[in-house]
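> Starting off with a structure, shown below.
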Amino acid sequence: MIFMLMKSIEINGAMHEGGGQILRTSIGMSAFTGKPVKIFNIRAKRCNPGIMPQHYEAINAVAKISNAELSNYFIGSKEIEFIPKKLQAKKIDLSISSAGSIALVLQAIMFAVLNLEKGKVKINVNGGAVCGKWAAPLNYVKNVLIPVLARFGYSARINITKYGYYPKGGGKSIVEITPSKLRLINLLERGSLINIYGIAHASKELKDKRVAERMCKSASKILNEEISIKPSINVVYVDSMCKGCGIELFARFDNTILGSDGLGERKIRAEDVGKFAARKLIKQIRSNGCADEYLADQIIPYMAISAIKNAEKSQVSVAEITSHAETNIKIVEKFLPIKFKIDKKNKRVICAVKHE
């Protein structure tokens with residue numbers, strides 16, 4: 001699929017929820033399609049608008065892979081123009097100086113490379129956090145997003161070599177993406193529940209207080225009491241630059257995986273973190289959707305690419321229609337000749353190719 005260079009597509013960063021999602025999706029779609037993009041009012045609805053360090057690194061990575069030209073590319077910038085050229089498989093070193101989300105940095109890269117013809121993209125990430133507020137944890141990307149996409153031909157793997165927590169970050173991970181052709185994404189029936197598993201992790205400084213065990217025990221208790229399932233949750237203590245903890249839970253079905261998480265914070269008991277993650281997962285399970293709240297918005301670009309490449313409509317049933325999903329839909333529709341339909345009654349997202 002070849003796209004001709006044209007006038008920049010203009011994206012208002014203040015649309016809908018006005019956050020970093022708009023920036024990441026726009027840059028990723030620009031690299032994938034070869035269409036230049038100009039984004040203004042970047043993160044206009046945030047208390048600290050403009051490009052932050054983690055966004056800067058995400059743009060940097062996509063720019064390297066797509067050999068892009070950039071203007072107004074600096075931390076704090078509220079407007080940027082991104083002009084991609086030819087996609088190339090490369091090894092990239094990313095450095096996240098803050099405790100920004102590693103998962104969010106990877107978001108734009110993961111679908112941008114789907115138009116690569118050959119080779120692998122290898123990303124060494126130094127810095128950042130494996131979990132944090134308002135972002136899917138890196139363990140979620142590893143255990144939900146990538147395995148679900150793998151059912152439709154996507155190929156990638158993540159190796160977390162060091163955990164990073166707020167406020168210092170310091171995480172390390174290696175990501176490898178092999179370009180692949182997506183099969184048609186049609187995810188409407190999740191099948192039977194096979195098992196529930198997860199990971200409760202904490203920095204070694206919290207081992208004496210048995211923080212990870214307490215998160216694990218409380219999550220297991222809730223899941224056993226409310227849905228009569230005993231989960232398999234690994235308890236791990238890790239070297240990290242600062243104290244931190246979290247728990248990620250996954251429900252594996254025949255055709256999909258649902259995820260949830262709980263983030264440790266000051267003045268919040270470890271037991272309550274585990275309970276929160278368990279109840280969040282139970283809510284997803286009871287929704288009968290194939291995609292949880294994180295996957296509902298992250299799968300949007302892949303649905304569009306899948307529909308285009310297979311010349312058929314793609315469909316996904318979701319737990320809920322999030323504002324992030326609606327935002328992503330509006331952006332993706334600007335880059336590709338597709339049209340999304342949201343069926344709120346049946347909680348389905350449908351993407352079809354537009355015929356002129």
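In the structure tokens, the first chain shown is A, the next is B, and so on; residue numbers restart at 1 for each chain, and ligands run from 1 in the order shown.
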Excluding range 29-42 of chain A and residues on its chain fewer than 5 positions from it, collect all residues at most 9 Å away from it, counting only C-alpha atoms, and give them as a PDB file with C-alpha atoms, in the first residue's frame.

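Okay, this is what ended up in out21.pdb:
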```
ATOM      1  CA  MET A   1       0.000   0.000   0.000  1.00  0.00           C
ATOM      2  CA  ILE A   2       1.630   3.272  -1.162  1.00  0.00           C
ATOM      3  CA  PHE A   3       0.475   6.728  -0.150  1.00  0.00           C
ATOM      4  CA  MET A   4       1.485   9.897  -2.018  1.00  0.00           C
ATOM      5  CA  LEU A   5       2.953  12.845  -0.137  1.00  0.00           C
ATOM      6  CA  MET A   6       0.426  15.633   0.260  1.00  0.00           C
ATOM      7  CA  LYS A   7      -0.457  18.665   2.294  1.00  0.00           C
ATOM      8  CA  SER A   8      -0.223  18.043   6.031  1.00  0.00           C
ATOM      9  CA  ILE A   9      -3.284  16.683   7.769  1.00  0.00           C
ATOM     10  CA  GLU A  10      -4.158  19.086  10.577  1.00  0.00           C
ATOM     11  CA  ILE A  11      -5.095  17.700  13.979  1.00  0.00           C
ATOM     12  CA  ASN A  12      -6.428  19.812  16.835  1.00  0.00           C
ATOM     13  CA  GLY A  13      -4.824  18.480  20.023  1.00  0.00           C
ATOM     14  CA  ALA A  14      -7.661  20.001  22.066  1.00  0.00           C
ATOM     15  CA  MET A  15     -10.309  17.729  20.533  1.00  0.00           C
ATOM     16  CA  GLY A  18      -7.267  16.704  24.643  1.00  0.00           C
ATOM     17  CA  GLY A  19      -4.418  14.517  25.931  1.00  0.00           C
ATOM     18  CA  GLY A  20      -1.301  12.756  24.699  1.00  0.00           C
ATOM     19  CA  ILE A  22      -4.009  12.437  20.118  1.00  0.00           C
ATOM     20  CA  LEU A  23      -0.300  13.093  19.628  1.00  0.00           C
ATOM     21  CA  ARG A  24       0.739   9.433  19.723  1.00  0.00           C
ATOM     22  CA  PRO A  49       0.207  21.337  28.118  1.00  0.00           C
ATOM     23  CA  GLY A  50       2.683  20.649  25.335  1.00  0.00           C
ATOM     24  CA  ILE A  51       5.095  17.819  24.614  1.00  0.00           C
ATOM     25  CA  VAL A  62       8.785   6.979  15.142  1.00  0.00           C
ATOM     26  CA  ALA A  63      10.783   9.700  13.372  1.00  0.00           C
ATOM     27  CA  ILE A  65      11.909   4.500  11.862  1.00  0.00           C
ATOM     28  CA  SER A  66      10.180   6.659   9.226  1.00  0.00           C
ATOM     29  CA  ALA A  68      10.854  11.893   9.203  1.00  0.00           C
ATOM     30  CA  SER A  77       6.084  22.582  22.243  1.00  0.00           C
ATOM     31  CA  LYS A  78       2.353  22.961  21.655  1.00  0.00           C
ATOM     32  CA  GLU A  79       2.571  22.516  17.895  1.00  0.00           C
ATOM     33  CA  ILE A  80       4.546  20.090  15.742  1.00  0.00           C
ATOM     34  CA  GLU A  81       4.793  19.111  12.082  1.00  0.00           C
ATOM     35  CA  PHE A  82       5.856  15.576  11.223  1.00  0.00           C
ATOM     36  CA  ILE A  83       6.808  14.690   7.635  1.00  0.00           C
ATOM     37  CA  PRO A  84       7.558  10.966   7.254  1.00  0.00           C
ATOM     38  CA  LYS A  85       9.555   9.366   4.457  1.00  0.00           C
ATOM     39  CA  LYS A  86      10.440   5.712   3.927  1.00  0.00           C
ATOM     40  CA  LEU A  87       9.960   3.266   6.789  1.00  0.00           C
ATOM     41  CA  ALA A 108       2.684   4.918  18.354  1.00  0.00           C
ATOM     42  CA  ILE A 109       5.611   2.716  17.317  1.00  0.00           C
ATOM     43  CA  PHE A 111       1.271   0.101  14.629  1.00  0.00           C
ATOM     44  CA  ALA A 112       3.438   2.559  12.675  1.00  0.00           C
ATOM     45  CA  VAL A 113       5.773  -0.254  11.600  1.00  0.00           C
ATOM     46  CA  LEU A 114       3.009  -2.394  10.078  1.00  0.00           C
ATOM     47  CA  ASN A 115       3.902  -1.041   6.629  1.00  0.00           C
ATOM     48  CA  LEU A 116       7.528  -2.147   6.890  1.00  0.00           C
ATOM     49  CA  PRO A 301      -5.659   1.718  14.633  1.00  0.00           C
ATOM     50  CA  ILE A 331      -7.930  10.636  14.323  1.00  0.00           C
ATOM     51  CA  VAL A 332      -7.631   7.367  12.401  1.00  0.00           C
ATOM     52  CA  PHE A 335      -5.672   9.213   7.714  1.00  0.00           C
ATOM     53  CA  LEU A 336      -7.390   6.204   6.142  1.00  0.00           C
TER      54      LEU A 336
END
```
> Find the spatial neighbours of Arg157 in chain A, counting only C-alpha atoms, within a cut-off of 12 Å - ignore same-chain residues fewer than 6 positions away - and output them as a list in words.
Leu106, Met110, Lys120, Val121, Lys122, Ile123, Leu138, Asn139, Val141, Lys142, Asn143, Val144, Leu145, Ile146, Pro147, Leu149, Ala150, Ser173, Ile174, Val175, Glu176, Ile177 and Thr178 of chain A
> Using the selection just defined, write its residues with N, CA and C atoms as a compact mmCIF listing (two decimals), in the first residue's frame.

```txt
# COMPACT_ATOMS: atom_id res chain seq x y z
N LEU A 106 5.53 3.26 23.62
CA LEU A 106 5.52 2.22 22.59
C LEU A 106 4.28 2.28 21.71
N MET A 110 4.19 0.79 17.70
CA MET A 110 3.74 -0.58 17.44
C MET A 110 2.91 -0.73 16.18
N LYS A 120 13.43 -6.26 11.21
CA LYS A 120 12.83 -6.12 12.53
C LYS A 120 13.14 -4.74 13.12
N VAL A 121 12.26 -4.31 13.99
CA VAL A 121 12.51 -3.11 14.78
C VAL A 121 12.82 -3.55 16.19
N LYS A 122 13.98 -3.16 16.68
CA LYS A 122 14.37 -3.49 18.05
C LYS A 122 14.53 -2.20 18.83
N ILE A 123 13.86 -2.13 19.97
CA ILE A 123 13.86 -0.91 20.78
C ILE A 123 14.39 -1.23 22.16
N LEU A 138 3.04 -1.78 31.45
CA LEU A 138 3.80 -2.49 30.43
C LEU A 138 3.47 -3.98 30.44
N ASN A 139 3.19 -4.53 31.64
CA ASN A 139 2.79 -5.94 31.71
C ASN A 139 1.47 -6.18 30.98
N VAL A 141 0.56 -4.57 28.15
CA VAL A 141 0.92 -4.63 26.73
C VAL A 141 1.50 -6.00 26.41
N LYS A 142 2.35 -6.50 27.32
CA LYS A 142 3.01 -7.79 27.13
C LYS A 142 2.03 -8.96 27.19
N ASN A 143 1.07 -8.90 28.09
CA ASN A 143 0.21 -10.05 28.36
C ASN A 143 -1.19 -9.96 27.78
N VAL A 144 -1.59 -8.79 27.29
CA VAL A 144 -2.93 -8.66 26.70
C VAL A 144 -2.86 -8.16 25.26
N LEU A 145 -2.37 -6.94 25.06
CA LEU A 145 -2.40 -6.33 23.73
C LEU A 145 -1.67 -7.18 22.69
N ILE A 146 -0.42 -7.54 22.97
CA ILE A 146 0.36 -8.30 21.99
C ILE A 146 -0.22 -9.70 21.75
N PRO A 147 -0.59 -10.47 22.80
CA PRO A 147 -1.19 -11.79 22.54
C PRO A 147 -2.51 -11.74 21.78
N LEU A 149 -3.44 -9.35 19.63
CA LEU A 149 -3.10 -9.00 18.25
C LEU A 149 -2.43 -10.16 17.53
N ALA A 150 -1.71 -10.99 18.27
CA ALA A 150 -1.03 -12.15 17.67
C ALA A 150 -2.03 -13.11 17.02
N SER A 173 13.62 -2.10 29.33
CA SER A 173 12.94 -3.17 28.60
C SER A 173 13.46 -3.24 27.17
N ILE A 174 13.28 -4.40 26.57
CA ILE A 174 13.68 -4.63 25.19
C ILE A 174 12.43 -5.06 24.42
N VAL A 175 12.19 -4.39 23.32
CA VAL A 175 11.00 -4.67 22.51
C VAL A 175 11.44 -5.01 21.08
N GLU A 176 10.92 -6.10 20.56
CA GLU A 176 11.20 -6.49 19.17
C GLU A 176 9.89 -6.64 18.41
N ILE A 177 9.80 -5.98 17.27
CA ILE A 177 8.60 -6.03 16.44
C ILE A 177 8.98 -6.53 15.05
N THR A 178 8.31 -7.58 14.62
CA THR A 178 8.52 -8.14 13.28
C THR A 178 7.36 -7.72 12.39
```
> Find the spatial neighbours of Phe250 in chain A, counting only C-alpha atoms, within a cut-off of 10 Å - ignore same-chain residues fewer than 4 positions away - and output them as a PyMOL selection string.
chain A and resi 139-140+143-144+195-199+231-233+257-261+277-278+281
> Store the residues of this selection in a file with N, CA and C atoms, as a PDB file, in the first residue's frame.

```pdb
ATOM      1  N   ASN A 139       3.195  -4.530  31.635  1.00  0.00           N
ATOM      2  CA  ASN A 139       2.792  -5.944  31.709  1.00  0.00           C
ATOM      3  C   ASN A 139       1.468  -6.180  30.984  1.00  0.00           C
ATOM      4  N   TYR A 140       0.633  -5.175  30.898  1.00  0.00           N
ATOM      5  CA  TYR A 140      -0.616  -5.289  30.151  1.00  0.00           C
ATOM      6  C   TYR A 140      -0.325  -5.421  28.657  1.00  0.00           C
ATOM      7  N   ASN A 143       1.074  -8.896  28.093  1.00  0.00           N
ATOM      8  CA  ASN A 143       0.210 -10.047  28.363  1.00  0.00           C
ATOM      9  C   ASN A 143      -1.193  -9.964  27.777  1.00  0.00           C
ATOM     10  N   VAL A 144      -1.590  -8.794  27.287  1.00  0.00           N
ATOM     11  CA  VAL A 144      -2.931  -8.664  26.698  1.00  0.00           C
ATOM     12  C   VAL A 144      -2.855  -8.157  25.261  1.00  0.00           C
ATOM     13  N   ASN A 195      -8.550 -19.446  32.496  1.00  0.00           N
ATOM     14  CA  ASN A 195      -7.917 -19.242  33.797  1.00  0.00           C
ATOM     15  C   ASN A 195      -7.687 -17.760  34.053  1.00  0.00           C
ATOM     16  N   ILE A 196      -7.343 -17.450  35.304  1.00  0.00           N
ATOM     17  CA  ILE A 196      -6.971 -16.093  35.696  1.00  0.00           C
ATOM     18  C   ILE A 196      -5.574 -16.158  36.301  1.00  0.00           C
ATOM     19  N   TYR A 197      -4.723 -15.268  35.852  1.00  0.00           N
ATOM     20  CA  TYR A 197      -3.355 -15.251  36.344  1.00  0.00           C
ATOM     21  C   TYR A 197      -2.894 -13.795  36.471  1.00  0.00           C
ATOM     22  N   GLY A 198      -1.698 -13.598  36.986  1.00  0.00           N
ATOM     23  CA  GLY A 198      -1.231 -12.237  37.133  1.00  0.00           C
ATOM     24  C   GLY A 198       0.133 -12.151  37.772  1.00  0.00           C
ATOM     25  N   ILE A 199       0.531 -10.935  38.083  1.00  0.00           N
ATOM     26  CA  ILE A 199       1.813 -10.676  38.729  1.00  0.00           C
ATOM     27  C   ILE A 199       1.649  -9.549  39.740  1.00  0.00           C
ATOM     28  N   PRO A 231      -7.051 -17.658  41.314  1.00  0.00           N
ATOM     29  CA  PRO A 231      -6.073 -17.253  40.300  1.00  0.00           C
ATOM     30  C   PRO A 231      -4.657 -17.725  40.621  1.00  0.00           C
ATOM     31  N   SER A 232      -3.819 -17.713  39.607  1.00  0.00           N
ATOM     32  CA  SER A 232      -2.394 -17.996  39.777  1.00  0.00           C
ATOM     33  C   SER A 232      -1.640 -16.680  39.629  1.00  0.00           C
ATOM     34  N   ILE A 233      -1.184 -16.135  40.754  1.00  0.00           N
ATOM     35  CA  ILE A 233      -0.534 -14.821  40.745  1.00  0.00           C
ATOM     36  C   ILE A 233       0.910 -14.959  41.222  1.00  0.00           C
ATOM     37  N   ILE A 257      -8.088 -12.067  25.832  1.00  0.00           N
ATOM     38  CA  ILE A 257      -7.585 -11.900  27.194  1.00  0.00           C
ATOM     39  C   ILE A 257      -8.053 -10.541  27.699  1.00  0.00           C
ATOM     40  N   LEU A 258      -8.566 -10.514  28.910  1.00  0.00           N
ATOM     41  CA  LEU A 258      -8.947  -9.257  29.556  1.00  0.00           C
ATOM     42  C   LEU A 258      -7.944  -8.952  30.653  1.00  0.00           C
ATOM     43  N   GLY A 259      -7.710  -7.671  30.906  1.00  0.00           N
ATOM     44  CA  GLY A 259      -6.739  -7.306  31.923  1.00  0.00           C
ATOM     45  C   GLY A 259      -7.241  -6.232  32.869  1.00  0.00           C
ATOM     46  N   SER A 260      -6.601  -6.151  34.028  1.00  0.00           N
ATOM     47  CA  SER A 260      -6.860  -5.078  34.990  1.00  0.00           C
ATOM     48  C   SER A 260      -5.594  -4.846  35.775  1.00  0.00           C
ATOM     49  N   ASP A 261      -5.577  -3.763  36.544  1.00  0.00           N
ATOM     50  CA  ASP A 261      -4.369  -3.465  37.319  1.00  0.00           C
ATOM     51  C   ASP A 261      -4.707  -2.654  38.554  1.00  0.00           C
ATOM     52  N   ALA A 277      -7.792  -4.129  41.898  1.00  0.00           N
ATOM     53  CA  ALA A 277      -7.474  -4.826  40.644  1.00  0.00           C
ATOM     54  C   ALA A 277      -8.431  -5.989  40.410  1.00  0.00           C
ATOM     55  N   ALA A 278      -8.752  -6.733  41.473  1.00  0.00           N
ATOM     56  CA  ALA A 278      -9.644  -7.883  41.342  1.00  0.00           C
ATOM     57  C   ALA A 278     -11.048  -7.453  40.938  1.00  0.00           C
ATOM     58  N   LEU A 281     -11.193  -6.382  37.348  1.00  0.00           N
ATOM     59  CA  LEU A 281     -11.200  -7.513  36.418  1.00  0.00           C
ATOM     60  C   LEU A 281     -12.574  -8.179  36.390  1.00  0.00           C
TER      61      LEU A 281
END
```
> Kindly give the distance, in Å, that separates CA of Ala270 in chain A and CA of Asp208 in chain A, rounded to a single decimal.
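Separation between CA of Ala270 in chain A and CA of Asp208 in chain A: 13.0 Å.
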> Using DSSP assignments from the backbone, pull out every residue in range 8-49 of chain A that falls under alpha helix (DSSP H) and give it to me as a list in words.
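So the alpha helix (DSSP H) residues in range 8-49 of chain A would be Gly20, Gln21, Ile22, Leu23, Arg24, Thr25, Ser26, Ile27, Gly28, Met29, Ser30, Ala31, Phe32 and Thr33 of chain A.
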> Have a look at A:Arg286, A:Val316, A:Asn328, A:Glu271 and name the one nearest to Gln298 in chain A; count only C-alpha atoms.
A:Asn328
> What is the CA of Lys172 in chain A-CA of Lys91 in chain A distance in Å, reported with one decimal?
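Separation between CA of Lys172 in chain A and CA of Lys91 in chain A: 15.4 Å.
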> What's around range 167-169 of chain A at 7 Å? Count only C-alpha atoms, leave out sequence neighbours fewer than 2 positions away in its own chain, and write the answer as a PyMOL selection string.
chain A and resi 98-99+127-129+164-165+171+241-242
> For the atom pair CA of Asn72 in chain A and CA of Ile300 in chain A, what is the interatomic distance in Å to one decimal place?
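Atom-to-atom, CA of Asn72 in chain A and CA of Ile300 in chain A are spaced 27.8 Å apart.
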> DSSP on the backbone, strand (DSSP E or B) only: what residues of range 196-294 of chain A does that give? Format it as a PyMOL selection string.
chain A and resi 196-203+232-238+245-253+257-263+291
> Considering only C-alpha atoms, can you say which of A:Phe74, A:Tyr154, A:Tyr163, A:Tyr302 comes closest to Gly246 in chain A?
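Smallest distance to Gly246 in chain A is found for A:Tyr163.
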> Which is closer to Lys313 in chain A than all the others in A:Leu187, A:Cys290, A:Ala202, A:Ile282, using only C-alpha atoms?
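Under the stated criterion, the closest residue is A:Leu187.
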> Neighbouring residues of Met303 in chain A were defined as those with any atom within 9 Å, considering only C-alpha atoms; residues of the same chain fewer than 3 positions away were excluded. Please report them as number ranges by chain.
A: 184-186, 299-300, 306-308, 313-316, 350-351
